[in-house]
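Visitor: Below: one structure in structure tokens.
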Amino acid sequence: MLRHRSAYGLAATAPPSSLPDGLPSSPKLRTLRNPKNPARPPQQGPRGYADLGPHSGPGRALDSDTISLLTVPLFTGAIGYVTNWSGVLMLFYPVHFRGITVPGLATIARYFPRKVRQVPLGFTQGGIGWQGIVPSRAAKMGSIAVDKGIAKLGSPKEFYESLEPDAIAEHIVESSRDDIRELVERTMQREHPGLWNDLPPRVREAVQSRVQEQLPDVVRTVTNGIGRDIDHLMDIKLMVIRHLEDRPELANRIFLEIGKKELRFIVNFGFWFGLLLGIPTAILTEVIFHAWWLLPIAGVFIGYVTNLVAILMIFEPAQERRIGPFKLHGLFLRRQREVAGIYSKVIAEDVLSLSNIGRELLEGRQSDRTRKLIVNALRPAIDQATGYARVAVRVAVGADRYDSIRESVATEAVEYTMTPLDDPDFNARQGTAIETLITARMREMSSDDFSEMLRTVIKEDEWLLYLHGAVLGFGAGLVHLAIFG
């Protein structure tokens, strides 16, 4: 049976025997019949169109097969765009896990395959939901960022020296004078209020003045001592890991700021590449083959390949290659000088900042060594502050009480020594030095090292993006079938 257009544009059927002479009897052939006498060929209207009434001519409605054929590339373009757009969102959001709690799931999840447990669906946390891939890997990202990047850009000693220890010492002295004065007063009132209150005001002031005089030398001894032993006093890798774990949004910021152009490219590329792949897909599924399952399978291929090609274009090839007039080089790597400046700014402001280094020194794994160094530097200053009266004071209050006072002042002064490092203005000024150091080192890196530093963080999780594209492609193929058949 063959379909034709009626005067009102509706499909009708005609038996193969009613075909005009000379036309093959093929089920693929569509013919137009004269509505008044189906046995006769239609009359020719202007420009060679069959005269079938008011709906005839070039503006007549397209049949469903033609519409289906034309919409396949549009659907595959949409697959590519939505896949990459949603893939970018899945990379970074939400920053913290969102989902529902399932009792007992955390226990069961321990027996899941490693790849399944890596997917940030919340199984290992006892829930079902989602967390952005990058923030969910914040600790891992910190470890890789140090191993593949920061460790190659400079040692802890180089970073510390770029912060200008003399400037740090001067800032600490100026910022902590009042705090140290209050500390001496508070300690004496607590440890031996009778003796302190019985001293003439002039003597008490003399003690305070001696402490203030000793302060610059004490602080400089501390900063120099930290500089000599910085490699043993702090672990940059653990510091970065802990910092990114506490603030996973920083992991997002690093990628979003250095990869803003590339992420936009990935989304737009998805549409155009999907549209291009849709042309042969339309021919295969609508003209050559007619298996209903072929379009969803093609959607899987398009969704997968679109993400794969986009990622490869960003990072590959690491070394510039030329094929005739064309230059092949990873999009990220072409911007090495620009990316180096952006990356170093984020690292200097939010990761290797002076305040974070100070916090690591006092709260990190080796904090006891830092505190001991500061206390040892402060003890002689307290002895010198009492001047010639030190022996008399020890006799008056007792040796044990005197040592207790000295130890209290030295121990409590540790916090005041590092507190000024949290000053945001001072952090910004000193951070410029670290930013300059990192920028210069990154620009000198080879393309292979530069690519490794940026890609390694997400390389192990790229398969999630490819799987995501394949699933969406399959779903889009089913939607097309449901709409157009």
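Going through the structure tokens in order, the chains are called A, B, and so on, while each chain numbers its residues from 1 and the ligands are numbered from 1 in the order shown.
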What's around Ile483 of chain A at 12 Å? Count only C-alpha atoms, leave out sequence neighbours fewer than 5 positions away in its own chain, and write the answer as a PyMOL selection string.
Guide: chain A and resi 64-65+67-68+71-72+75+476-478
Visitor: Name all residues at most 9 Å from Val240 of chain A (count only C-alpha atoms; drop same-chain ones fewer than 6 positions away) and give them as a ChimeraX atom specification.
Guide: /A:139,142-143,145-146,351-352
Visitor: For the selection just defined, write its residues with N, CA and C atoms to a file, as a tab-separated table (two decimals), in the first residue's frame.
Guide:
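Result file follows (part.tsv):
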chain	number	residue	atom	x	y	z
A	139	ALA	N	40.53	16.57	49.06
A	139	ALA	CA	41.75	16.09	49.71
A	139	ALA	C	42.70	15.47	48.69
A	142	GLY	N	44.27	18.16	46.68
A	142	GLY	CA	45.35	18.82	47.40
A	142	GLY	C	46.63	18.02	47.34
A	143	SER	N	46.51	16.71	47.51
A	143	SER	CA	47.70	15.84	47.46
A	143	SER	C	48.35	15.89	46.09
A	145	ALA	N	47.93	18.21	43.79
A	145	ALA	CA	48.38	19.57	43.49
A	145	ALA	C	49.78	19.82	44.05
A	146	VAL	N	50.07	19.23	45.21
A	146	VAL	CA	51.40	19.39	45.80
A	146	VAL	C	52.42	18.52	45.06
A	351	VAL	N	45.71	29.46	49.60
A	351	VAL	CA	46.32	28.19	50.00
A	351	VAL	C	47.65	28.43	50.72
A	352	LEU	N	48.62	29.02	50.04
A	352	LEU	CA	49.93	29.26	50.64
A	352	LEU	C	50.03	30.69	51.16
Visitor: Choose the residue, out of A:Glu213, A:Asp449, A:Asp461, A:Glu174, that has the smallest atom-to-atom separation from Gln336 of chain A; count only C-alpha atoms.
Guide: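 The answer is A:Asp449, which sits nearest to Gln336 of chain A.
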Visitor: Per DSSP on the backbone, what are the strand (DSSP E or B) residues of segment 274-473 of chain A, as a list in words?
Guide: Arg321, Arg322, Ile323, Phe326, Lys327 and Leu328 of chain A
Visitor: Using only C-alpha atoms, tabulate the residues of segment 138-169 of chain A lying at most 10 Å from any atom of segment 355-377 of chain A, each with its closest atom pair and that distance in Å to one decimal, by chain and increasing residue number, as JSON lines.
Guide:
{"residue": "A:Pro156", "atom": "CA", "partner": "A:Ile357", "partner_atom": "CA", "distance": 9.8}
{"residue": "A:Phe159", "atom": "CA", "partner": "A:Ile357", "partner_atom": "CA", "distance": 9.8}
{"residue": "A:Tyr160", "atom": "CA", "partner": "A:Ile357", "partner_atom": "CA", "distance": 8.6}
Visitor: Any chance you can output those residues with C-alpha atoms as a PDB file, in the first residue's frame?
Guide:
ATOM      1  CA  PRO A 156      58.869  25.382  51.842  1.00  0.00           C
ATOM      2  CA  PHE A 159      58.142  30.057  49.862  1.00  0.00           C
ATOM      3  CA  TYR A 160      58.945  31.244  53.382  1.00  0.00           C
TER       4      TYR A 160
END
Visitor: Skip Glu158 of chain A itself and residues of its chain fewer than 5 positions away, then list as a list of chain:residue names all residues within 12 Å of it, counting only C-alpha atoms.
Guide: A:Ile150, A:Ala151, A:Lys152, A:Leu153, A:Leu163, A:Glu164, A:Pro165, A:Gly227, A:Arg228, A:Ile230, A:Asp231, A:Leu352, A:Ala433, A:Ile434, A:Leu437, A:Ile438, A:Arg441
Visitor: Write out as number ranges by chain the residues lying within 10 Å of Trp293 of chain A, counting only C-alpha atoms and excluding same-chain residues fewer than 2 positions away.
Guide: A: 285, 290-291, 295-298, 474, 477-478, 481
Visitor: Got a sec: who's within 9 Å of Asp166 of chain A, counting only C-alpha atoms, leaving out chain neighbours fewer than 6 positions off, as an NGL selection string?
Guide: :A and (220 or 223-224)
Visitor: Taking C-alpha atoms for each residue, export the selection above as a short mmCIF file (atom, residue, chain, number, x, y, z; two decimals), in the first residue's frame.
Guide:
data_model
loop_
_atom_site.label_atom_id
_atom_site.label_comp_id
_atom_site.auth_asym_id
_atom_site.auth_seq_id
_atom_site.Cartn_x
_atom_site.Cartn_y
_atom_site.Cartn_z
CA ARG A 220 63.65 38.14 64.90
CA THR A 223 61.42 34.19 62.49
CA ASN A 224 65.03 33.31 61.71
#
Visitor: Using atom CA of Lys327 of chain A and atom CA of Phe315 of chain A as the two end points, give the distance in Å to one decimal.
Guide: 14.0 Å
Visitor: Record the distance separating atom CA of Ser136 of chain A and atom CA of Gly87 of chain A, expressed in Å with one decimal.
Guide: 15.0 Å
Visitor: Apply DSSP to the structure's backbone, then extract all residues of segment 274-465 of chain A labelled alpha helix (DSSP H) and return them as an MDAnalysis selection string.
Guide: chainID A and resid 274:283 294:315 331:334 336:350 354:363 367:386 390:397 399:418 424:444 447:459 462:465
Visitor: Distance atom CA of Val409 of chain A-atom CA of Val184 of chain A, one decimal place?
Guide: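 Rounded to one decimal, the two atoms are 6.5 Å apart.
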Visitor: Using only C-alpha atoms, determine which residues lie at most 10 Å from Gly99 of chain A, disregarding the query and same-chain residues fewer than 2 positions distant; provide the list as a ChimeraX atom specification.
Guide: /A:96-97,101-102,121-122,126-131
